[in-house]
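Undergrad: What follows is upload04.cif, mmCIF, C-alpha atoms.
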data_final
loop_
_atom_site.label_atom_id
_atom_site.label_comp_id
_atom_site.auth_asym_id
_atom_site.auth_seq_id
_atom_site.Cartn_x
_atom_site.Cartn_y
_atom_site.Cartn_z
CA MET A 1 -108.61 1.30 55.59
CA LYS A 2 -107.70 3.00 52.32
CA LYS A 3 -104.67 4.94 53.65
CA PRO A 4 -102.87 1.94 55.20
CA LEU A 5 -103.38 0.04 51.94
CA ILE A 6 -101.85 2.84 49.91
CA TYR A 7 -98.89 3.08 52.28
CA GLY A 8 -98.33 -0.64 52.06
CA LEU A 9 -98.33 -0.66 48.28
CA ALA A 10 -95.92 2.28 48.21
CA GLY A 11 -93.54 0.51 50.53
CA LEU A 12 -93.70 -2.63 48.41
CA ALA A 13 -92.85 -0.62 45.28
CA VAL A 14 -89.83 0.92 46.99
CA ILE A 15 -88.53 -2.49 48.01
CA ILE A 16 -88.94 -3.82 44.45
CA LEU A 17 -87.11 -0.80 43.05
CA ILE A 18 -84.16 -1.30 45.44
CA VAL A 19 -83.86 -4.97 44.45
CA VAL A 20 -83.83 -4.09 40.77
CA ILE A 21 -81.13 -1.42 41.24
CA VAL A 22 -78.93 -3.75 43.26
CA SER A 23 -79.20 -6.54 40.71
CA LEU A 24 -78.21 -4.22 37.84
CA SER A 25 -75.15 -2.63 39.59
CA PRO A 26 -71.50 -3.67 38.33
CA ASN A 27 -69.31 -6.14 40.25
CA GLU A 28 -67.63 -4.69 43.24
CA PRO A 29 -64.01 -3.55 42.37
CA ILE A 30 -61.03 -5.01 44.15
CA ASP A 31 -60.22 -3.11 47.28
CA PRO A 32 -56.52 -2.03 46.98
CA GLN A 33 -56.31 -2.12 50.78
CA ASN A 34 -57.53 -5.69 50.91
CA PRO A 35 -55.43 -8.16 48.84
CA ASN A 36 -57.96 -10.90 49.50
CA THR A 37 -60.71 -9.08 47.69
CA SER A 38 -61.96 -11.29 44.88
CA SER A 39 -62.79 -10.26 41.33
CA THR A 40 -64.38 -11.95 38.42
CA GLU A 41 -61.57 -10.70 36.14
CA ASP A 42 -58.71 -13.14 35.49
CA VAL A 43 -55.82 -10.94 36.63
CA SER A 44 -53.23 -13.69 36.08
CA THR A 45 -52.93 -12.86 32.36
CA ASN A 46 -52.37 -9.12 32.95
CA GLN A 47 -49.73 -9.22 35.65
CA THR A 48 -46.80 -6.82 35.36
CA PRO A 49 -43.60 -8.83 34.51
CA THR A 50 -41.23 -9.22 37.40
CA ALA A 51 -37.82 -7.54 37.29
CA ASN A 52 -35.94 -10.83 37.56
CA PRO A 53 -35.73 -13.04 34.43
CA PRO A 54 -37.56 -16.35 34.47
CA ALA A 55 -35.67 -19.34 35.75
CA ALA A 56 -35.35 -20.68 32.19
CA ASN A 57 -32.98 -17.77 31.31
CA LEU A 58 -30.73 -18.00 34.36
CA PRO A 59 -27.12 -19.12 33.93
CA GLY A 60 -26.89 -22.84 33.44
CA SER A 61 -30.36 -23.10 31.96
CA THR A 62 -30.72 -25.01 28.74
CA ASN A 63 -33.08 -22.29 27.48
CA GLN A 64 -30.61 -19.41 27.74
CA THR A 65 -30.71 -16.80 24.96
CA PRO A 66 -27.61 -17.59 22.85
CA LYS A 67 -24.83 -15.00 22.86
CA PRO A 68 -23.74 -13.65 19.44
CA ALA A 69 -20.70 -15.42 18.01
CA PRO A 70 -17.48 -13.35 18.09
CA GLN A 71 -16.75 -11.63 14.78
CA PRO A 72 -13.46 -12.56 13.07
CA THR A 73 -10.87 -9.81 13.10
CA SER A 74 -8.96 -8.73 10.01
CA PRO A 75 -5.35 -9.98 9.87
CA ALA A 76 -2.76 -7.41 10.81
CA PRO A 77 -0.90 -5.99 7.77
CA ALA A 78 2.61 -7.21 7.15
CA SER A 79 5.43 -5.04 8.40
CA GLN A 80 6.62 -2.31 6.05
CA SER A 81 10.01 -1.81 7.71
CA ILE A 82 12.16 -3.76 5.24
CA ALA A 83 15.13 -1.76 3.95
CA ILE A 84 17.77 -2.62 1.35
CA THR A 85 21.03 -2.11 3.25
CA SER A 86 23.52 -2.93 0.48
CA PRO A 87 24.74 -1.38 -1.80
CA GLU A 88 25.86 1.67 0.14
CA LEU A 89 25.31 5.12 -1.32
CA ASP A 90 27.41 5.71 -4.47
CA SER A 91 29.29 2.43 -4.03
CA ARG A 92 30.64 0.56 -7.04
CA PHE A 93 29.47 -2.74 -8.57
CA ASP A 94 31.98 -4.09 -11.12
CA ILE A 95 30.45 -5.74 -14.19
CA GLY A 96 31.07 -9.49 -14.26
CA LYS A 97 31.92 -9.72 -10.56
CA ILE A 98 29.72 -11.17 -7.81
CA ASN A 99 28.20 -8.33 -5.79
CA LEU A 100 26.02 -8.83 -2.71
CA ILE A 101 22.62 -7.18 -2.30
CA LYS A 102 21.30 -7.30 1.29
CA TRP A 103 18.11 -6.25 3.11
CA SER A 104 17.23 -5.80 6.76
CA ARG A 105 15.19 -8.96 7.49
CA GLU A 106 13.28 -11.89 6.04
CA PRO A 107 10.24 -10.58 4.15
CA GLY A 108 7.93 -13.43 5.16
CA ILE A 109 6.51 -13.45 1.61
CA THR A 110 8.00 -13.86 -1.85
CA ALA A 111 9.30 -10.92 -3.82
CA GLY A 112 11.24 -9.91 -6.93
CA LEU A 113 14.22 -7.56 -7.38
CA TYR A 114 14.63 -5.19 -10.33
CA LEU A 115 17.14 -2.59 -11.48
CA ALA A 116 16.15 1.00 -12.31
CA ASP A 117 17.96 3.97 -13.86
CA THR A 118 18.64 6.76 -11.35
CA THR A 119 18.21 9.60 -13.84
CA THR A 120 15.04 8.52 -15.62
CA GLY A 121 13.49 6.18 -13.05
CA THR A 122 12.82 3.63 -15.79
CA THR A 123 13.11 -0.10 -15.12
CA ILE A 124 16.20 -1.63 -16.74
CA GLY A 125 15.25 -5.24 -15.96
CA TRP A 126 14.80 -7.89 -13.28
CA VAL A 127 17.89 -8.97 -11.35
CA THR A 128 15.92 -11.94 -9.98
CA PRO A 129 12.20 -12.68 -10.37
CA THR A 130 11.96 -14.68 -7.13
CA ILE A 131 13.18 -13.96 -3.63
CA THR A 132 11.97 -16.52 -1.08
CA SER A 133 10.19 -15.54 2.14
CA HIS A 134 13.31 -16.38 4.21
CA GLN A 135 16.04 -14.69 2.15
CA THR A 136 17.99 -11.71 3.44
CA SER A 137 20.48 -11.33 0.56
CA TYR A 138 21.09 -12.07 -3.10
CA SER A 139 24.38 -12.49 -4.99
CA TRP A 140 24.33 -10.84 -8.42
CA ASP A 141 26.93 -11.38 -11.14
CA THR A 142 26.33 -7.80 -12.37
CA LYS A 143 26.23 -8.88 -15.99
CA ASP A 144 22.62 -8.93 -17.16
CA VAL A 145 18.96 -8.61 -16.18
CA ALA A 146 15.74 -10.23 -17.43
CA VAL A 147 13.56 -8.03 -19.64
CA SER A 148 10.50 -8.89 -17.51
CA ARG A 149 9.73 -10.79 -14.32
CA ALA A 150 8.12 -13.64 -16.25
CA SER A 151 10.65 -13.75 -19.10
CA GLY A 152 13.89 -15.70 -19.36
CA ILE A 153 15.18 -13.31 -22.03
CA LYS A 154 18.08 -11.24 -20.71
CA LYS A 155 19.98 -8.14 -21.72
CA SER A 156 23.39 -6.83 -20.68
CA VAL A 157 23.81 -4.11 -18.08
CA ARG A 158 25.81 -1.10 -19.20
CA PRO A 159 27.87 1.23 -17.01
CA GLY A 160 25.70 3.79 -15.29
CA ARG A 161 24.13 4.93 -12.04
CA TYR A 162 21.29 2.74 -10.76
CA TYR A 163 19.22 1.63 -7.78
CA PHE A 164 17.39 -1.58 -6.85
CA MET A 165 13.69 -1.97 -6.12
CA MET A 166 12.23 -4.94 -4.23
CA LYS A 167 8.62 -5.69 -5.18
CA PHE A 168 6.71 -7.88 -2.69
CA ASP A 169 3.90 -10.31 -3.49
CA GLY A 170 1.78 -9.01 -0.64
CA PRO A 171 0.92 -5.93 1.47
CA ILE A 172 4.43 -4.53 1.89
CA THR A 173 5.54 -1.29 0.28
CA GLU A 174 8.32 -1.65 -2.30
CA ALA A 175 11.81 -1.14 -0.87
CA ARG A 176 14.37 1.04 -2.67
CA SER A 177 18.15 0.83 -2.35
CA ASN A 178 20.73 3.58 -2.35
CA THR A 179 22.00 4.70 -5.74
CA PHE A 180 25.21 3.00 -6.88
CA TYR A 181 27.47 2.77 -9.92
CA VAL A 182 27.82 -0.17 -12.30
CA LEU A 183 31.22 -0.02 -13.98
CA TYR A 184 33.69 -2.16 -15.90
CA PRO A 185 36.54 -3.39 -13.65
CA GLU A 186 39.14 -1.86 -15.95
CA GLN A 187 37.55 1.58 -16.00
CA ASP A 188 40.23 4.17 -15.21
CA THR A 189 41.42 7.54 -16.46
CA SER A 190 42.25 6.08 -19.89
CA PHE A 191 38.77 4.64 -20.38
CA THR A 192 36.48 6.13 -23.03
CA HIS A 193 32.68 5.89 -22.81
CA ASN A 194 31.26 5.56 -26.34
CA LEU A 195 27.79 7.06 -26.84
CA VAL A 196 25.68 7.61 -29.94
CA ILE A 197 22.79 9.87 -30.86
CA GLN A 198 20.25 7.99 -32.96
CA ASN A 199 16.58 8.73 -33.61
CA PHE A 200 17.04 11.95 -31.61
CA ARG A 201 18.08 10.11 -28.41
CA PHE A 202 21.33 9.39 -26.60
CA SER A 203 22.23 5.72 -26.11
CA PRO A 204 22.79 5.31 -23.24
CA SER A 205 21.11 8.43 -21.88
CA SER A 206 22.82 8.24 -18.46
CA ILE A 207 26.37 7.20 -17.56
CA ALA A 208 28.70 7.20 -14.58
CA VAL A 209 32.21 8.50 -15.27
CA ARG A 210 35.28 8.61 -13.08
CA ILE A 211 37.14 11.93 -13.12
CA GLY A 212 39.63 11.84 -16.00
CA GLU A 213 37.72 9.40 -18.20
CA LYS A 214 36.52 10.44 -21.66
CA VAL A 215 33.03 10.59 -23.15
CA SER A 216 32.82 10.08 -26.91
CA ILE A 217 29.57 11.06 -28.71
CA GLN A 218 28.82 10.05 -32.31
CA ASN A 219 25.91 11.52 -34.27
CA LYS A 220 24.23 8.75 -36.31
CA ASP A 221 21.27 10.88 -37.40
CA GLN A 222 20.98 12.94 -40.58
CA ASN A 223 20.45 16.25 -38.80
CA THR A 224 22.87 18.51 -36.94
CA TYR A 225 22.66 18.76 -33.14
CA VAL A 226 23.67 21.71 -30.98
CA LEU A 227 24.20 20.31 -27.47
CA ILE A 228 24.20 22.70 -24.49
CA ALA A 229 26.08 21.89 -21.26
CA LYS A 230 23.66 22.01 -18.31
CA ASN A 231 26.25 23.43 -15.90
CA THR A 232 28.24 25.90 -17.99
CA GLY A 233 26.07 26.70 -21.02
CA GLU A 234 28.90 25.77 -23.40
CA THR A 235 27.84 24.15 -26.67
CA ILE A 236 28.94 21.20 -28.78
CA THR A 237 27.86 21.03 -32.43
CA LEU A 238 27.59 17.59 -34.04
CA ALA A 239 27.06 17.32 -37.78
CA PRO A 240 25.65 14.06 -39.26
CA GLY A 241 28.20 11.26 -38.75
CA GLU A 242 30.52 13.45 -36.65
CA THR A 243 32.11 12.29 -33.35
CA LYS A 244 33.35 14.53 -30.54
CA THR A 245 34.98 13.73 -27.20
CA ILE A 246 34.31 15.31 -23.80
CA LEU A 247 37.19 15.37 -21.27
CA THR A 248 36.37 15.13 -17.56
CA GLY A 249 39.78 15.65 -15.98
CA SER A 250 39.02 19.22 -14.92
CA LEU A 251 35.57 18.45 -13.50
CA SER A 252 34.68 17.85 -9.86
CA GLU A 253 32.25 15.26 -8.50
CA GLY A 254 28.62 15.90 -9.35
CA SER A 255 25.95 15.62 -12.00
CA TYR A 256 26.52 17.04 -15.48
CA GLY A 257 24.82 16.68 -18.81
CA TYR A 258 23.85 17.99 -22.22
CA TYR A 259 20.55 18.76 -23.88
CA SER A 260 19.16 20.11 -27.17
CA GLU A 261 16.85 23.12 -27.21
CA GLN A 262 15.51 22.00 -30.59
CA TYR A 263 14.74 18.37 -29.60
CA SER A 264 13.49 17.89 -26.04
CA VAL A 265 14.14 14.11 -26.04
CA THR A 266 17.84 14.64 -26.84
CA SER A 267 19.25 14.71 -23.32
CA LEU A 268 22.30 13.15 -21.63
CA ASN A 269 23.12 12.87 -17.91
CA ILE A 270 26.73 12.33 -16.76
CA ASP A 271 27.51 11.51 -13.11
CA ILE A 272 31.14 12.27 -12.24
CA TYR A 273 32.80 10.55 -9.28
CA LYS A 274 36.34 10.08 -7.92
#
Could you rewrite the structure in this file as C-alpha coordinates?
TA:
Amino acid sequence: MKKPLIYGLAGLAVIILIVVIVSLSPNEPIDPQNPNTSSTEDVSTNQTPTANPPAANLPGSTNQTPKPAPQPTSPAPASQSIAITSPELDSRFDIGKINLIKWSREPGITAGLYLADTTTGTTIGWVTPTITSHQTSYSWDTKDVAVSRASGIKKSVRPGRYYFMMKFDGPITEARSNTFYVLYPEQDTSFTHNLVIQNFRFSPSSIAVRIGEKVSIQNKDQNTYVLIAKNTGETITLAPGETKTILTGSLSEGSYGYYSEQYSVTSLNIDIYK
(Lines of atoms letter the chains of each structure in order from A and count residues from 1; the text may use other names and numbers.)
(Lines give C-alpha, C1' and ligand atoms only; values in the text may rest on other atoms or scores of the structure.)
Protein backbone atom coordinates (compact mmCIF):
# COMPACT_ATOMS: atom_id res chain seq x y z
CA MET A 1 0.00 0.00 0.00
CA LYS A 2 2.83 2.42 0.78
CA LYS A 3 4.57 2.20 -2.63
CA PRO A 4 1.47 2.96 -4.75
CA LEU A 5 0.76 5.95 -2.50
CA ILE A 6 4.26 7.30 -2.96
CA TYR A 7 4.05 6.84 -6.73
CA GLY A 8 0.73 8.64 -6.83
CA LEU A 9 2.01 11.62 -4.88
CA ALA A 10 5.08 11.83 -7.11
CA GLY A 11 2.95 11.84 -10.22
CA LEU A 12 0.73 14.55 -8.77
CA ALA A 13 3.78 16.72 -8.03
CA VAL A 14 5.02 16.34 -11.60
CA ILE A 15 1.67 17.42 -12.98
CA ILE A 16 1.60 20.48 -10.71
CA LEU A 17 5.12 21.42 -11.77
CA ILE A 18 4.22 21.21 -15.49
CA VAL A 19 1.18 23.45 -14.98
CA VAL A 20 3.26 26.05 -13.17
CA ILE A 21 5.94 26.08 -15.91
CA VAL A 22 3.36 26.43 -18.66
CA SER A 23 1.60 29.31 -16.92
CA LEU A 24 4.87 31.23 -16.45
CA SER A 25 6.15 30.82 -20.07
CA PRO A 26 6.08 34.02 -22.48
CA ASN A 27 3.41 34.50 -25.16
CA GLU A 28 3.96 32.48 -28.24
CA PRO A 29 5.78 34.56 -30.96
CA ILE A 30 4.20 35.19 -34.33
CA ASP A 31 5.01 32.46 -36.76
CA PRO A 32 6.59 34.16 -39.84
CA GLN A 33 5.23 31.32 -41.97
CA ASN A 34 1.71 31.89 -40.75
CA PRO A 35 0.38 35.45 -41.30
CA ASN A 36 -2.72 34.65 -39.28
CA THR A 37 -0.75 34.03 -36.13
CA SER A 38 -2.02 36.41 -33.46
CA SER A 39 0.05 38.41 -30.99
CA THR A 40 -0.73 40.50 -28.02
CA GLU A 41 1.57 43.26 -29.34
CA ASP A 42 -0.10 46.08 -31.28
CA VAL A 43 1.93 45.85 -34.48
CA SER A 44 -0.11 48.58 -36.22
CA THR A 45 1.98 51.35 -34.62
CA ASN A 46 5.33 49.83 -35.67
CA GLN A 47 4.65 49.07 -39.31
CA THR A 48 7.37 49.91 -41.83
CA PRO A 49 6.20 52.91 -43.98
CA THR A 50 5.15 51.97 -47.48
CA ALA A 51 7.20 53.17 -50.45
CA ASN A 52 4.29 55.08 -51.96
CA PRO A 53 3.32 58.44 -50.38
CA PRO A 54 -0.01 58.68 -48.60
CA ALA A 55 -2.98 59.70 -50.66
CA ALA A 56 -2.97 63.14 -49.01
CA ASN A 57 0.35 63.98 -50.79
CA LEU A 58 -0.62 62.80 -54.26
CA PRO A 59 -1.05 65.35 -57.04
CA GLY A 60 -4.31 67.19 -56.72
CA SER A 61 -4.49 66.70 -52.99
CA THR A 62 -5.22 69.74 -50.88
CA ASN A 63 -2.56 68.56 -48.41
CA GLN A 64 0.34 68.57 -50.85
CA THR A 65 3.72 69.76 -49.52
CA PRO A 66 4.11 73.27 -51.03
CA LYS A 67 6.87 73.73 -53.60
CA PRO A 68 9.44 76.48 -52.86
CA ALA A 69 8.68 79.77 -54.60
CA PRO A 70 10.99 80.58 -57.54
CA GLN A 71 13.82 82.93 -56.58
CA PRO A 72 13.96 86.27 -58.44
CA THR A 73 16.84 86.56 -60.87
CA SER A 74 19.16 89.57 -60.99
CA PRO A 75 18.51 91.94 -63.91
CA ALA A 76 20.92 91.58 -66.78
CA PRO A 77 23.52 94.39 -66.91
CA ALA A 78 23.05 97.08 -69.50
CA SER A 79 25.00 96.75 -72.71
CA GLN A 80 28.51 98.21 -72.71
CA SER A 81 28.84 98.43 -76.50
CA ILE A 82 28.14 102.15 -76.93
CA ALA A 83 30.84 103.94 -78.93
CA ILE A 84 31.26 107.62 -79.80
CA THR A 85 31.52 107.59 -83.59
CA SER A 86 32.02 111.31 -84.24
CA PRO A 87 34.40 113.16 -84.22
CA GLU A 88 36.72 111.11 -86.39
CA LEU A 89 40.36 110.73 -85.41
CA ASP A 90 42.26 114.06 -85.63
CA SER A 91 39.30 115.83 -87.23
CA ARG A 92 38.76 119.55 -86.71
CA PHE A 93 36.06 121.36 -84.68
CA ASP A 94 36.01 125.10 -85.42
CA ILE A 95 35.32 127.34 -82.42
CA GLY A 96 31.94 129.06 -82.65
CA LYS A 97 30.56 126.66 -85.26
CA ILE A 98 27.99 123.90 -84.69
CA ASN A 99 29.74 120.54 -84.63
CA LEU A 100 27.94 117.19 -84.32
CA ILE A 101 28.90 114.57 -81.74
CA LYS A 102 27.39 111.13 -82.46
CA TRP A 103 27.33 107.71 -80.74
CA SER A 104 26.39 104.24 -81.89
CA ARG A 105 22.93 103.78 -80.31
CA GLU A 106 20.45 105.01 -77.72
CA PRO A 107 21.92 104.49 -74.25
CA GLY A 108 18.63 103.56 -72.59
CA ILE A 109 19.64 105.64 -69.55
CA THR A 110 20.63 109.26 -69.01
CA ALA A 111 24.22 110.41 -69.32
CA GLY A 112 26.47 113.47 -69.44
CA LEU A 113 29.19 114.48 -71.92
CA TYR A 114 32.46 116.15 -70.93
CA LEU A 115 35.61 117.39 -72.66
CA ALA A 116 39.10 116.25 -71.64
CA ASP A 117 42.63 117.31 -72.60
CA THR A 118 44.45 114.67 -74.66
CA THR A 119 47.90 115.40 -73.21
CA THR A 120 47.09 115.59 -69.52
CA GLY A 121 43.83 113.63 -69.36
CA THR A 122 42.30 116.36 -67.19
CA THR A 123 38.65 117.32 -67.52
CA ILE A 124 38.17 120.70 -69.21
CA GLY A 125 34.42 120.91 -68.55
CA TRP A 126 30.98 119.52 -69.36
CA VAL A 127 29.71 119.95 -72.92
CA THR A 128 26.23 118.94 -71.73
CA PRO A 129 25.19 117.65 -68.30
CA THR A 130 22.20 115.70 -69.61
CA ILE A 131 21.82 113.31 -72.52
CA THR A 132 18.41 111.61 -72.62
CA SER A 133 17.99 107.83 -72.82
CA HIS A 134 16.91 108.07 -76.49
CA GLN A 135 19.53 110.46 -77.88
CA THR A 136 22.12 109.36 -80.42
CA SER A 137 23.78 112.73 -81.10
CA TYR A 138 24.42 116.19 -79.68
CA SER A 139 25.11 119.48 -81.48
CA TRP A 140 27.81 121.56 -79.79
CA ASP A 141 28.57 125.20 -80.58
CA THR A 142 32.25 124.57 -79.69
CA LYS A 143 32.46 127.76 -77.66
CA ASP A 144 32.36 126.88 -73.97
CA VAL A 145 31.84 124.15 -71.37
CA ALA A 146 30.34 124.10 -67.86
CA VAL A 147 32.87 123.95 -65.02
CA SER A 148 30.95 121.04 -63.43
CA ARG A 149 27.98 118.84 -64.29
CA ALA A 150 25.78 120.57 -61.72
CA SER A 151 26.98 124.11 -62.41
CA GLY A 152 25.68 126.65 -64.90
CA ILE A 153 28.98 128.54 -64.80
CA LYS A 154 30.83 128.22 -68.10
CA LYS A 155 34.32 128.86 -69.42
CA SER A 156 35.61 129.28 -72.96
CA VAL A 157 37.31 126.47 -74.86
CA ARG A 158 40.75 127.28 -76.20
CA PRO A 159 42.43 125.75 -79.25
CA GLY A 160 43.96 122.39 -78.47
CA ARG A 161 43.69 118.64 -78.87
CA TYR A 162 40.86 116.99 -76.95
CA TYR A 163 38.54 114.01 -76.64
CA PHE A 164 34.99 113.51 -75.33
CA MET A 165 33.90 111.21 -72.51
CA MET A 166 30.30 110.06 -72.03
CA LYS A 167 29.46 109.26 -68.40
CA PHE A 168 26.32 107.13 -67.90
CA ASP A 169 23.97 107.21 -64.91
CA GLY A 170 23.93 103.44 -64.66
CA PRO A 171 25.96 100.24 -65.23
CA ILE A 172 27.58 101.18 -68.54
CA THR A 173 31.29 101.83 -68.89
CA GLU A 174 32.19 105.39 -69.91
CA ALA A 175 32.63 105.84 -73.67
CA ARG A 176 35.61 107.77 -75.08
CA SER A 177 35.79 109.48 -78.46
CA ASN A 178 38.69 109.80 -80.86
CA THR A 179 41.05 112.70 -80.28
CA PHE A 180 40.28 115.82 -82.32
CA TYR A 181 41.39 119.43 -82.66
CA VAL A 182 39.52 122.53 -81.53
CA LEU A 183 40.67 125.51 -83.59
CA TYR A 184 39.66 129.02 -84.56
CA PRO A 185 38.11 129.14 -88.06
CA GLU A 186 40.66 131.71 -89.21
CA GLN A 187 43.67 129.71 -88.07
CA ASP A 188 46.16 129.51 -90.94
CA THR A 189 49.88 129.88 -91.56
CA SER A 190 49.80 133.51 -90.40
CA PHE A 191 48.18 132.67 -87.07
CA THR A 192 50.18 133.06 -83.86
CA HIS A 193 49.38 131.07 -80.70
CA ASN A 194 50.10 133.24 -77.65
CA LEU A 195 51.22 131.36 -74.54
CA VAL A 196 52.52 132.53 -71.18
CA ILE A 197 54.56 130.99 -68.39
CA GLN A 198 53.20 132.04 -65.01
CA ASN A 199 53.64 130.43 -61.59
CA PHE A 200 56.01 127.94 -63.24
CA ARG A 201 53.34 126.61 -65.64
CA PHE A 202 52.47 127.07 -69.30
CA SER A 203 49.00 128.46 -70.06
CA PRO A 204 47.71 126.64 -71.99
CA SER A 205 49.93 123.61 -71.48
CA SER A 206 48.80 121.85 -74.68
CA ILE A 207 47.99 123.29 -78.11
CA ALA A 208 47.27 122.12 -81.63
CA VAL A 209 49.17 123.96 -84.36
CA ARG A 210 48.92 123.74 -88.13
CA ILE A 211 52.26 123.52 -89.93
CA GLY A 212 53.49 127.07 -90.57
CA GLU A 213 51.72 128.72 -87.63
CA LYS A 214 53.72 130.46 -84.90
CA VAL A 215 53.92 129.83 -81.16
CA SER A 216 54.70 132.86 -79.01
CA ILE A 217 55.81 132.28 -75.38
CA GLN A 218 56.01 135.09 -72.82
CA ASN A 219 57.67 134.64 -69.42
CA LYS A 220 55.58 136.40 -66.74
CA ASP A 221 57.54 135.01 -63.80
CA GLN A 222 60.51 136.62 -62.06
CA ASN A 223 62.91 133.76 -62.75
CA THR A 224 64.69 132.70 -65.94
CA TYR A 225 63.60 129.52 -67.73
CA VAL A 226 65.74 127.27 -69.92
CA LEU A 227 63.30 125.28 -72.08
CA ILE A 228 64.50 122.08 -73.78
CA ALA A 229 62.89 120.78 -76.99
CA LYS A 230 61.68 117.20 -76.45
CA ASN A 231 62.51 116.10 -80.00
CA THR A 232 65.78 117.85 -80.80
CA GLY A 233 67.28 118.86 -77.44
CA GLU A 234 67.59 122.49 -78.57
CA THR A 235 67.07 125.11 -75.87
CA ILE A 236 65.19 128.38 -75.51
CA THR A 237 66.14 130.76 -72.71
CA LEU A 238 63.45 133.13 -71.40
CA ALA A 239 64.42 135.90 -69.00
CA PRO A 240 61.71 137.52 -66.81
CA GLY A 241 59.25 139.41 -69.05
CA GLU A 242 60.87 138.15 -72.27
CA THR A 243 58.87 136.77 -75.24
CA LYS A 244 60.16 134.38 -77.91
CA THR A 245 58.48 132.85 -80.96
CA ILE A 246 58.70 129.29 -82.25
CA LEU A 247 58.26 128.72 -86.01
CA THR A 248 56.66 125.48 -87.21
CA GLY A 249 57.05 125.76 -90.97
CA SER A 250 59.91 123.26 -91.12
CA LEU A 251 58.26 120.69 -88.85
CA SER A 252 56.35 117.60 -89.93
CA GLU A 253 53.15 116.23 -88.37
CA GLY A 254 53.57 114.84 -84.87
CA SER A 255 53.87 115.68 -81.20
CA TYR A 256 56.45 118.21 -80.00
CA GLY A 257 57.04 120.09 -76.81
CA TYR A 258 59.30 121.81 -74.32
CA TYR A 259 60.16 121.18 -70.70
CA SER A 260 62.36 122.58 -67.92
CA GLU A 261 64.88 120.37 -66.13
CA GLN A 262 64.82 122.76 -63.16
CA TYR A 263 61.00 122.89 -62.76
CA SER A 264 59.17 119.64 -63.49
CA VAL A 265 55.74 121.33 -63.78
CA THR A 266 56.99 123.62 -66.56
CA SER A 267 56.03 121.54 -69.59
CA LEU A 268 54.40 122.31 -72.95
CA ASN A 269 52.96 119.90 -75.55
CA ILE A 270 52.54 121.00 -79.19
CA ASP A 271 50.62 118.82 -81.67
CA ILE A 272 51.51 119.69 -85.28
CA TYR A 273 49.10 118.81 -88.10
CA LYS A 274 48.66 119.70 -91.79
Undergrad: Pull out every residue that the PyMOL selection byres ((chain A and resi 246-256) around 6) matches in the shown coordinates and put them as a PyMOL selection string.
TA: chain A and resi 211-215+245+257+269-273
Undergrad: Since I can't run it myself right now, could you work out what the PyMOL selection byres ((chain A and resi 91) around 12) selects here and report it as a VMD selection string?
TA: chain A and resid 85 to 90 92 to 94 99 to 101 160 to 163 177 to 183 208 273 to 274
Undergrad: Set the distance at 10 Å and use all atoms listed in the file: which residues neighbour A:Gln135 once local chain neighbours fewer than 2 positions away are removed? I'd like the list as a PyMOL selection string.
TA: chain A and resi 102-103+105-111+131-133+137-138
Undergrad: Using atom CA of A:Ser148 and atom CA of A:Phe164 as the two end points, give the distance in Å to one decimal.
TA: 14.6 Å
Undergrad: Please determine the residues with any atom at most 12 Å from (15.5, -11.6, -20.3) (coordinates as given in the file, with all atoms listed in the file counting) and report them as a PyMOL selection string.
TA: chain A and resi 114+124-129+143-157
Undergrad: Run the PyMOL selection byres ((chain A and resi 265) around 9) mentally over the shown coordinates, then write out the matched residues as a list in words, using the chain letters and numbers from the document.
TA: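 Expected selection for the PyMOL selection byres ((chain A and resi 265) around 9) here is Phe200, Arg201, Phe202, Tyr259, Ser260, Tyr263, Ser264, Thr266 and Ser267 of chain A.
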Undergrad: Please identify all polymer residues within 9 Å of A:Asp221, counting only C-alpha atoms, omitting same-chain residues fewer than 4 positions from it, and present them as a list in words.
TA: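 Contacts, in chain order: Ile197, Gln198, Asn199, Phe200, Ala239, Pro240 and Gly241 of chain A.
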Undergrad: Compile the contact shell of A:Ala229 as a ChimeraX atom specification: residues with an atom at most 7 Å away, counting all atoms listed in the file, same-chain residues fewer than 3 positions apart removed.
TA: /A:232-235,257-259
Undergrad: Give me the residues near A:Lys244 as a PyMOL selection string, where near means some atom within 7 Å (using all atoms listed in the file) and where sequence neighbours in that chain fewer than 6 positions away do not count.
TA: chain A and resi 216-218
Undergrad: In Å, how far is it from atom CA of A:Ile82 to atom CA of A:Leu115?
TA: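 It comes out at 17.5 Å.
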Undergrad: Report, in Å with one decimal, the straight-line distance from atom CA of A:Ile228 to atom CA of A:Tyr184.
TA: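 Computing it gives 28.0 Å between the two atoms.
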Undergrad: Would you mind telling me which residue in A:Leu227, A:Ile16, A:Leu268, A:Ile95 lies nearest to A:Ile207 when using all atoms listed in the file?
TA: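 Checking each candidate against A:Ile207, we get A:Leu268 as the closest.
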Undergrad: From the options A:Arg176, A:Arg158, A:Lys167, A:Lys230, which residue's atoms come nearest to A:Ser203, counting all atoms listed in the file?
TA: A:Arg158
